[in-house]
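Undergrad: Just one file: upload_25.pdb, with PDB, C-alpha atoms.
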```
ATOM      1  CA  MET O   1      10.442 -33.176  82.577
ATOM      2  CA  SER O   2      10.714 -29.682  83.981
ATOM      3  CA  ILE O   3       9.109 -26.269  83.544
ATOM      4  CA  LYS O   4      11.420 -23.808  81.783
ATOM      5  CA  TYR O   5      11.782 -20.287  83.134
ATOM      6  CA  LYS O   6      13.835 -17.202  82.677
ATOM      7  CA  VAL O   7      14.452 -14.347  85.084
ATOM      8  CA  ILE O   8      13.226 -10.886  84.122
ATOM      9  CA  GLU O   9      13.552  -7.491  85.760
ATOM     10  CA  LYS O  10      10.339  -5.646  86.632
ATOM     11  CA  GLY O  11       9.469  -2.403  88.320
ATOM     12  CA  ASN O  12       6.574  -1.820  90.687
ATOM     13  CA  PRO O  13       3.879  -0.012  88.609
ATOM     14  CA  LEU O  14       2.308   1.356  91.815
ATOM     15  CA  ASN O  15       5.625   2.832  92.943
ATOM     16  CA  PRO O  16       7.992   3.542  89.993
ATOM     17  CA  GLN O  17      10.647   4.995  92.371
ATOM     18  CA  GLU O  18      11.021   1.631  94.114
ATOM     19  CA  PRO O  19      14.080  -0.373  92.981
ATOM     20  CA  ARG O  20      13.399  -2.879  90.214
ATOM     21  CA  LYS O  21      13.469  -6.575  91.179
ATOM     22  CA  TRP O  22      14.056  -9.854  89.351
ATOM     23  CA  TYR O  23      11.251 -12.404  88.959
ATOM     24  CA  ALA O  24      10.806 -15.842  87.402
ATOM     25  CA  SER O  25       8.807 -15.982  84.166
ATOM     26  CA  THR O  26       7.774 -19.432  82.930
ATOM     27  CA  LYS O  27       8.129 -20.266  79.247
ATOM     28  CA  SER O  28       6.105 -22.831  77.316
ATOM     29  CA  THR O  29       7.824 -25.611  75.426
ATOM     30  CA  GLY O  30       5.040 -26.009  72.890
ATOM     31  CA  GLY O  31       1.356 -26.844  72.968
ATOM     32  CA  THR O  32      -1.287 -29.378  72.102
ATOM     33  CA  ASP O  33      -4.878 -29.382  70.863
ATOM     34  CA  ILE O  34      -8.087 -31.401  71.125
ATOM     35  CA  LYS O  35      -7.162 -33.665  68.208
ATOM     36  CA  ALA O  36      -3.814 -34.621  69.742
ATOM     37  CA  LEU O  37      -5.347 -35.032  73.202
ATOM     38  CA  GLY O  38      -8.048 -37.254  71.700
ATOM     39  CA  LYS O  39      -5.398 -39.518  70.184
ATOM     40  CA  GLU O  40      -3.446 -39.725  73.437
ATOM     41  CA  ILE O  41      -6.533 -40.486  75.518
ATOM     42  CA  ALA O  42      -7.704 -43.091  72.999
ATOM     43  CA  GLN O  43      -4.353 -44.900  73.346
ATOM     44  CA  ARG O  44      -5.039 -45.231  77.089
ATOM     45  CA  SER O  45      -8.660 -46.354  76.745
ATOM     46  CA  THR O  46     -10.978 -48.565  74.703
ATOM     47  CA  VAL O  47     -12.457 -45.901  72.416
ATOM     48  CA  SER O  48     -11.330 -44.457  69.100
ATOM     49  CA  PRO O  49      -9.528 -41.120  68.740
ATOM     50  CA  ALA O  50     -12.603 -39.715  66.933
ATOM     51  CA  ASP O  51     -14.914 -40.738  69.790
ATOM     52  CA  THR O  52     -12.573 -39.261  72.376
ATOM     53  CA  GLN O  53     -12.263 -36.023  70.420
ATOM     54  CA  ALA O  54     -16.059 -35.822  70.104
ATOM     55  CA  VAL O  55     -16.416 -36.172  73.882
ATOM     56  CA  LEU O  56     -13.866 -33.403  74.485
ATOM     57  CA  VAL O  57     -15.666 -31.072  72.061
ATOM     58  CA  ALA O  58     -19.011 -31.872  73.701
ATOM     59  CA  LEU O  59     -17.482 -31.258  77.157
ATOM     60  CA  THR O  60     -16.443 -27.780  76.036
ATOM     61  CA  GLU O  61     -19.984 -27.068  74.802
ATOM     62  CA  VAL O  62     -21.831 -28.298  77.899
ATOM     63  CA  LEU O  63     -19.282 -26.683  80.212
ATOM     64  CA  SER O  64     -19.978 -23.353  78.514
ATOM     65  CA  GLU O  65     -23.746 -23.841  78.804
ATOM     66  CA  HIS O  66     -23.656 -24.661  82.526
ATOM     67  CA  LEU O  67     -21.229 -21.840  83.331
ATOM     68  CA  SER O  68     -23.388 -19.322  81.470
ATOM     69  CA  GLU O  69     -26.280 -20.394  83.747
ATOM     70  CA  GLY O  70     -24.180 -19.473  86.794
ATOM     71  CA  GLN O  71     -23.441 -23.054  87.826
ATOM     72  CA  ILE O  72     -20.188 -24.420  89.206
ATOM     73  CA  VAL O  73     -19.044 -27.367  87.101
ATOM     74  CA  ARG O  74     -17.201 -29.982  89.163
ATOM     75  CA  LEU O  75     -15.195 -32.622  87.316
ATOM     76  CA  ASP O  76     -14.166 -34.714  90.340
ATOM     77  CA  ASP O  77     -10.364 -35.087  90.573
ATOM     78  CA  PHE O  78      -9.828 -32.882  87.515
ATOM     79  CA  GLY O  79     -11.158 -29.755  89.234
ATOM     80  CA  SER O  80     -13.981 -27.254  89.032
ATOM     81  CA  PHE O  81     -14.917 -24.296  86.852
ATOM     82  CA  GLN O  82     -16.870 -21.206  87.895
ATOM     83  CA  ILE O  83     -17.589 -17.714  86.538
ATOM     84  CA  SER O  84     -16.174 -14.729  88.397
ATOM     85  CA  ALA O  85     -16.389 -11.003  87.655
ATOM     86  CA  GLY O  86     -15.354  -7.686  89.117
ATOM     87  CA  SER O  87     -17.129  -4.359  88.979
ATOM     88  CA  GLU O  88     -16.799  -0.645  89.358
ATOM     89  CA  GLY O  89     -17.816   0.663  92.756
ATOM     90  CA  ALA O  90     -21.044   2.572  93.357
ATOM     91  CA  GLU O  91     -21.654   5.124  96.073
ATOM     92  CA  THR O  92     -24.836   3.331  97.136
ATOM     93  CA  GLU O  93     -26.523   0.030  96.370
ATOM     94  CA  ALA O  94     -29.294   1.905  94.546
ATOM     95  CA  LYS O  95     -26.754   3.524  92.214
ATOM     96  CA  PHE O  96     -25.256   0.193  91.192
ATOM     97  CA  ASN O  97     -26.313  -1.183  87.798
ATOM     98  CA  VAL O  98     -25.360  -4.185  85.702
ATOM     99  CA  SER O  99     -23.268  -2.105  83.264
ATOM    100  CA  MET O 100     -20.754  -1.637  86.090
ATOM    101  CA  ILE O 101     -19.829  -5.328  86.010
ATOM    102  CA  ARG O 102     -16.444  -5.838  84.334
ATOM    103  CA  ASN O 103     -13.950  -8.534  83.401
ATOM    104  CA  PRO O 104     -15.940 -11.753  83.605
ATOM    105  CA  LYS O 105     -13.647 -14.764  83.567
ATOM    106  CA  VAL O 106     -13.666 -18.498  84.039
ATOM    107  CA  VAL O 107     -11.985 -19.546  87.275
ATOM    108  CA  PHE O 108     -10.482 -23.031  87.380
ATOM    109  CA  ARG O 109      -9.722 -24.715  90.692
ATOM    110  CA  PRO O 110      -7.572 -27.818  90.225
ATOM    111  CA  GLY O 111      -8.587 -31.107  91.800
ATOM    112  CA  THR O 112      -6.408 -33.427  93.849
ATOM    113  CA  GLU O 113      -4.462 -34.971  90.955
ATOM    114  CA  LEU O 114      -3.548 -31.601  89.442
ATOM    115  CA  LYS O 115      -2.670 -30.176  92.875
ATOM    116  CA  THR O 116      -0.322 -33.123  93.400
ATOM    117  CA  MET O 117       1.276 -32.434  90.012
ATOM    118  CA  LEU O 118       1.748 -28.752  90.957
ATOM    119  CA  ASN O 119       3.394 -29.723  94.241
ATOM    120  CA  ASN O 120       5.846 -31.998  92.409
ATOM    121  CA  LEU O 121       6.901 -29.668  89.561
ATOM    122  CA  LYS O 122      10.576 -29.200  88.813
ATOM    123  CA  PHE O 123      11.883 -25.972  87.313
ATOM    124  CA  GLU O 124      14.882 -25.430  85.036
ATOM    125  CA  LYS O 125      16.411 -22.078  84.089
ATOM    126  CA  LEU O 126      16.685 -21.407  80.332
TER     127      LEU O 126
END
```
Mind converting the file's structure to structure tokens?
TA:
Amino acid sequence: MSIKYKVIEKGNPLNPQEPRKWYASTKSTGGTDIKALGKEIAQRSTVSPADTQAVLVALTEVLSEHLSEGQIVRLDDFGSFQISAGSEGAETEAKFNVSMIRNPKVVFRPGTELKTMLNNLKFEKL
């Protein structure tokens, strides 16, 4: 299996006078959901698809709870999740306030198995 990509031309938004260049853009070949993942995982284990799906739903809920408490959630070889955010700058520390915090996001850092997969990917032009 390979990752599909196409090549697209882009300009530099910071310097519009700069010549445009060509870049790879990956394209998905479909998707999956918790129900389908539950069935697949159940086929590889000793539990039912419903039980597996329930665990995945519960994982999403507890992951959200721990992240919202500022914790890093480590899932061994799978990877870790953490909250990150940026902010506007303030002239002094005293002038900084919480409303200046912007763009909170969940950062995922892949574990060893996913890093290995990334290192072994094959790409195919559309």
Undergrad: Check what the PyMOL selection byres ((chain O and resi 112) around 12) selects in the file above and give those residues as a VMD selection string.
TA: chain O and resid 75 to 80 109 to 111 113 to 119
Undergrad: Any chance you could work out the residue set of the PyMOL selection byres ((chain O and resi 37) around 12) here, as a PDB file with C-alpha atoms, keeping the file's coordinate frame?
TA:
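File expr-v9.pdb, as written:
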```pdb
ATOM      1  CA  GLY O  31       1.356 -26.844  72.968  1.00  0.00           C
ATOM      2  CA  THR O  32      -1.287 -29.378  72.102  1.00  0.00           C
ATOM      3  CA  ASP O  33      -4.878 -29.382  70.863  1.00  0.00           C
ATOM      4  CA  ILE O  34      -8.087 -31.401  71.125  1.00  0.00           C
ATOM      5  CA  LYS O  35      -7.162 -33.665  68.208  1.00  0.00           C
ATOM      6  CA  ALA O  36      -3.814 -34.621  69.742  1.00  0.00           C
ATOM      7  CA  GLY O  38      -8.048 -37.254  71.700  1.00  0.00           C
ATOM      8  CA  LYS O  39      -5.398 -39.518  70.184  1.00  0.00           C
ATOM      9  CA  GLU O  40      -3.446 -39.725  73.437  1.00  0.00           C
ATOM     10  CA  ILE O  41      -6.533 -40.486  75.518  1.00  0.00           C
ATOM     11  CA  ALA O  42      -7.704 -43.091  72.999  1.00  0.00           C
ATOM     12  CA  GLN O  43      -4.353 -44.900  73.346  1.00  0.00           C
ATOM     13  CA  ARG O  44      -5.039 -45.231  77.089  1.00  0.00           C
ATOM     14  CA  SER O  48     -11.330 -44.457  69.100  1.00  0.00           C
ATOM     15  CA  PRO O  49      -9.528 -41.120  68.740  1.00  0.00           C
ATOM     16  CA  ALA O  50     -12.603 -39.715  66.933  1.00  0.00           C
ATOM     17  CA  ASP O  51     -14.914 -40.738  69.790  1.00  0.00           C
ATOM     18  CA  THR O  52     -12.573 -39.261  72.376  1.00  0.00           C
ATOM     19  CA  GLN O  53     -12.263 -36.023  70.420  1.00  0.00           C
ATOM     20  CA  ALA O  54     -16.059 -35.822  70.104  1.00  0.00           C
ATOM     21  CA  VAL O  55     -16.416 -36.172  73.882  1.00  0.00           C
ATOM     22  CA  LEU O  56     -13.866 -33.403  74.485  1.00  0.00           C
ATOM     23  CA  VAL O  57     -15.666 -31.072  72.061  1.00  0.00           C
TER      24      VAL O  57
END
```
Undergrad: Could you tell me how far CA of Val107 (chain O) sits from CA of Lys125 (chain O), in Å to one decimal place?
TA: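 Between CA of Lys125 (chain O) and CA of Val107 (chain O) the gap is 28.7 Å.
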Undergrad: Using all atoms listed in the file and a cutoff of 9 Å, can you tell me which residues are near (10.7, -32.5, 84.8) in the file's coordinates, and write them out as a PyMOL selection string?
TA: chain O and resi 1-3+121-124
Undergrad: Do a neighbour search on Ser25 (chain O) at 6 Å with only C-alpha atoms, toss out local chain neighbours closer than 6 positions, and write the hits as a VMD selection string.
TA: chain O and resid 5 to 7
Undergrad: Nearest to Lys105 (chain O): which of O:Gly30, O:Pro19, O:Gly70, O:Pro13 is it, counting all atoms listed in the file?
TA: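 Of the candidates, the smallest distance to Lys105 (chain O) is held by O:Gly70.
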Undergrad: I want to know what sits within 10 Å of His66 (chain O), based on all atoms listed in the file, with residues of the same chain fewer than 6 positions away left out; could you give that as a PyMOL selection string?
TA: chain O and resi 72-73+81-82
Undergrad: Taking N, CA and C atoms as the atom set, what does region 27-63 of chain O look like once completed, written as a PDB file, in the frame of the given file?
TA:
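Result file is part02.pdb:
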```pdb
ATOM      1  N   LYS O  27       8.186 -20.248  80.706  1.00  0.00           N
ATOM      2  CA  LYS O  27       8.129 -20.266  79.247  1.00  0.00           C
ATOM      3  C   LYS O  27       7.576 -21.606  78.786  1.00  0.00           C
ATOM      4  N   SER O  28       6.674 -21.578  77.826  1.00  0.00           N
ATOM      5  CA  SER O  28       6.105 -22.831  77.316  1.00  0.00           C
ATOM      6  C   SER O  28       7.109 -23.522  76.414  1.00  0.00           C
ATOM      7  N   THR O  29       6.949 -24.827  76.303  1.00  0.00           N
ATOM      8  CA  THR O  29       7.824 -25.611  75.426  1.00  0.00           C
ATOM      9  C   THR O  29       7.029 -26.157  74.251  1.00  0.00           C
ATOM     10  N   GLY O  30       5.885 -25.557  73.984  1.00  0.00           N
ATOM     11  CA  GLY O  30       5.040 -26.009  72.890  1.00  0.00           C
ATOM     12  C   GLY O  30       3.586 -26.006  73.329  1.00  0.00           C
ATOM     13  N   GLY O  31       2.767 -26.788  72.640  1.00  0.00           N
ATOM     14  CA  GLY O  31       1.356 -26.844  72.968  1.00  0.00           C
ATOM     15  C   GLY O  31       0.730 -28.105  72.410  1.00  0.00           C
ATOM     16  N   THR O  32      -0.540 -28.251  72.646  1.00  0.00           N
ATOM     17  CA  THR O  32      -1.287 -29.378  72.102  1.00  0.00           C
ATOM     18  C   THR O  32      -2.700 -28.903  71.805  1.00  0.00           C
ATOM     19  N   ASP O  33      -3.504 -29.749  71.191  1.00  0.00           N
ATOM     20  CA  ASP O  33      -4.878 -29.382  70.863  1.00  0.00           C
ATOM     21  C   ASP O  33      -5.806 -30.575  71.107  1.00  0.00           C
ATOM     22  N   ILE O  34      -7.085 -30.365  70.855  1.00  0.00           N
ATOM     23  CA  ILE O  34      -8.087 -31.401  71.125  1.00  0.00           C
ATOM     24  C   ILE O  34      -7.830 -32.659  70.303  1.00  0.00           C
ATOM     25  N   LYS O  35      -7.418 -32.494  69.059  1.00  0.00           N
ATOM     26  CA  LYS O  35      -7.162 -33.665  68.208  1.00  0.00           C
ATOM     27  C   LYS O  35      -6.035 -34.521  68.787  1.00  0.00           C
ATOM     28  N   ALA O  36      -4.948 -33.888  69.172  1.00  0.00           N
ATOM     29  CA  ALA O  36      -3.814 -34.621  69.742  1.00  0.00           C
ATOM     30  C   ALA O  36      -4.179 -35.238  71.090  1.00  0.00           C
ATOM     31  N   LEU O  37      -4.907 -34.480  71.916  1.00  0.00           N
ATOM     32  CA  LEU O  37      -5.347 -35.032  73.202  1.00  0.00           C
ATOM     33  C   LEU O  37      -6.258 -36.241  72.989  1.00  0.00           C
ATOM     34  N   GLY O  38      -7.148 -36.137  72.016  1.00  0.00           N
ATOM     35  CA  GLY O  38      -8.048 -37.254  71.700  1.00  0.00           C
ATOM     36  C   GLY O  38      -7.282 -38.512  71.347  1.00  0.00           C
ATOM     37  N   LYS O  39      -6.223 -38.356  70.560  1.00  0.00           N
ATOM     38  CA  LYS O  39      -5.398 -39.518  70.184  1.00  0.00           C
ATOM     39  C   LYS O  39      -4.694 -40.111  71.401  1.00  0.00           C
ATOM     40  N   GLU O  40      -4.142 -39.250  72.241  1.00  0.00           N
ATOM     41  CA  GLU O  40      -3.446 -39.725  73.437  1.00  0.00           C
ATOM     42  C   GLU O  40      -4.390 -40.454  74.385  1.00  0.00           C
ATOM     43  N   ILE O  41      -5.561 -39.864  74.610  1.00  0.00           N
ATOM     44  CA  ILE O  41      -6.533 -40.486  75.518  1.00  0.00           C
ATOM     45  C   ILE O  41      -7.019 -41.805  74.945  1.00  0.00           C
ATOM     46  N   ALA O  42      -7.244 -41.859  73.642  1.00  0.00           N
ATOM     47  CA  ALA O  42      -7.704 -43.091  72.999  1.00  0.00           C
ATOM     48  C   ALA O  42      -6.689 -44.217  73.177  1.00  0.00           C
ATOM     49  N   GLN O  43      -5.394 -43.893  73.157  1.00  0.00           N
ATOM     50  CA  GLN O  43      -4.353 -44.900  73.346  1.00  0.00           C
ATOM     51  C   GLN O  43      -4.397 -45.503  74.757  1.00  0.00           C
ATOM     52  N   ARG O  44      -4.971 -44.767  75.705  1.00  0.00           N
ATOM     53  CA  ARG O  44      -5.039 -45.231  77.089  1.00  0.00           C
ATOM     54  C   ARG O  44      -6.406 -45.814  77.435  1.00  0.00           C
ATOM     55  N   SER O  45      -7.302 -45.893  76.460  1.00  0.00           N
ATOM     56  CA  SER O  45      -8.660 -46.354  76.745  1.00  0.00           C
ATOM     57  C   SER O  45      -9.113 -47.331  75.662  1.00  0.00           C
ATOM     58  N   THR O  46     -10.424 -47.590  75.649  1.00  0.00           N
ATOM     59  CA  THR O  46     -10.978 -48.565  74.703  1.00  0.00           C
ATOM     60  C   THR O  46     -11.803 -47.912  73.600  1.00  0.00           C
ATOM     61  N   VAL O  47     -11.674 -46.590  73.444  1.00  0.00           N
ATOM     62  CA  VAL O  47     -12.457 -45.901  72.416  1.00  0.00           C
ATOM     63  C   VAL O  47     -11.535 -45.325  71.351  1.00  0.00           C
ATOM     64  N   SER O  48     -12.120 -44.974  70.224  1.00  0.00           N
ATOM     65  CA  SER O  48     -11.330 -44.457  69.100  1.00  0.00           C
ATOM     66  C   SER O  48     -10.932 -42.998  69.339  1.00  0.00           C
ATOM     67  N   PRO O  49      -9.897 -42.533  68.644  1.00  0.00           N
ATOM     68  CA  PRO O  49      -9.528 -41.120  68.740  1.00  0.00           C
ATOM     69  C   PRO O  49     -10.685 -40.190  68.359  1.00  0.00           C
ATOM     70  N   ALA O  50     -11.468 -40.555  67.352  1.00  0.00           N
ATOM     71  CA  ALA O  50     -12.603 -39.715  66.933  1.00  0.00           C
ATOM     72  C   ALA O  50     -13.652 -39.624  68.039  1.00  0.00           C
ATOM     73  N   ASP O  51     -13.936 -40.751  68.691  1.00  0.00           N
ATOM     74  CA  ASP O  51     -14.914 -40.738  69.790  1.00  0.00           C
ATOM     75  C   ASP O  51     -14.416 -39.883  70.955  1.00  0.00           C
ATOM     76  N   THR O  52     -13.151 -40.038  71.276  1.00  0.00           N
ATOM     77  CA  THR O  52     -12.573 -39.261  72.376  1.00  0.00           C
ATOM     78  C   THR O  52     -12.611 -37.771  72.053  1.00  0.00           C
ATOM     79  N   GLN O  53     -12.249 -37.425  70.833  1.00  0.00           N
ATOM     80  CA  GLN O  53     -12.263 -36.023  70.420  1.00  0.00           C
ATOM     81  C   GLN O  53     -13.690 -35.473  70.480  1.00  0.00           C
ATOM     82  N   ALA O  54     -14.657 -36.263  70.065  1.00  0.00           N
ATOM     83  CA  ALA O  54     -16.059 -35.822  70.104  1.00  0.00           C
ATOM     84  C   ALA O  54     -16.495 -35.547  71.539  1.00  0.00           C
ATOM     85  N   VAL O  55     -16.066 -36.379  72.471  1.00  0.00           N
ATOM     86  CA  VAL O  55     -16.416 -36.172  73.882  1.00  0.00           C
ATOM     87  C   VAL O  55     -15.782 -34.883  74.398  1.00  0.00           C
ATOM     88  N   LEU O  56     -14.530 -34.626  74.031  1.00  0.00           N
ATOM     89  CA  LEU O  56     -13.866 -33.403  74.485  1.00  0.00           C
ATOM     90  C   LEU O  56     -14.551 -32.154  73.925  1.00  0.00           C
ATOM     91  N   VAL O  57     -14.950 -32.203  72.668  1.00  0.00           N
ATOM     92  CA  VAL O  57     -15.666 -31.072  72.061  1.00  0.00           C
ATOM     93  C   VAL O  57     -17.009 -30.868  72.761  1.00  0.00           C
ATOM     94  N   ALA O  58     -17.717 -31.967  73.017  1.00  0.00           N
ATOM     95  CA  ALA O  58     -19.011 -31.872  73.701  1.00  0.00           C
ATOM     96  C   ALA O  58     -18.836 -31.348  75.132  1.00  0.00           C
ATOM     97  N   LEU O  59     -17.753 -31.756  75.806  1.00  0.00           N
ATOM     98  CA  LEU O  59     -17.482 -31.258  77.157  1.00  0.00           C
ATOM     99  C   LEU O  59     -17.338 -29.747  77.140  1.00  0.00           C
ATOM    100  N   THR O  60     -16.611 -29.229  76.160  1.00  0.00           N
ATOM    101  CA  THR O  60     -16.443 -27.780  76.036  1.00  0.00           C
ATOM    102  C   THR O  60     -17.794 -27.089  75.872  1.00  0.00           C
ATOM    103  N   GLU O  61     -18.665 -27.665  75.051  1.00  0.00           N
ATOM    104  CA  GLU O  61     -19.984 -27.068  74.802  1.00  0.00           C
ATOM    105  C   GLU O  61     -20.859 -27.088  76.049  1.00  0.00           C
ATOM    106  N   VAL O  62     -20.946 -28.233  76.727  1.00  0.00           N
ATOM    107  CA  VAL O  62     -21.831 -28.298  77.899  1.00  0.00           C
ATOM    108  C   VAL O  62     -21.246 -27.525  79.072  1.00  0.00           C
ATOM    109  N   LEU O  63     -19.925 -27.486  79.178  1.00  0.00           N
ATOM    110  CA  LEU O  63     -19.282 -26.683  80.212  1.00  0.00           C
ATOM    111  C   LEU O  63     -19.674 -25.219  80.045  1.00  0.00           C
TER     112      LEU O  63
END
```
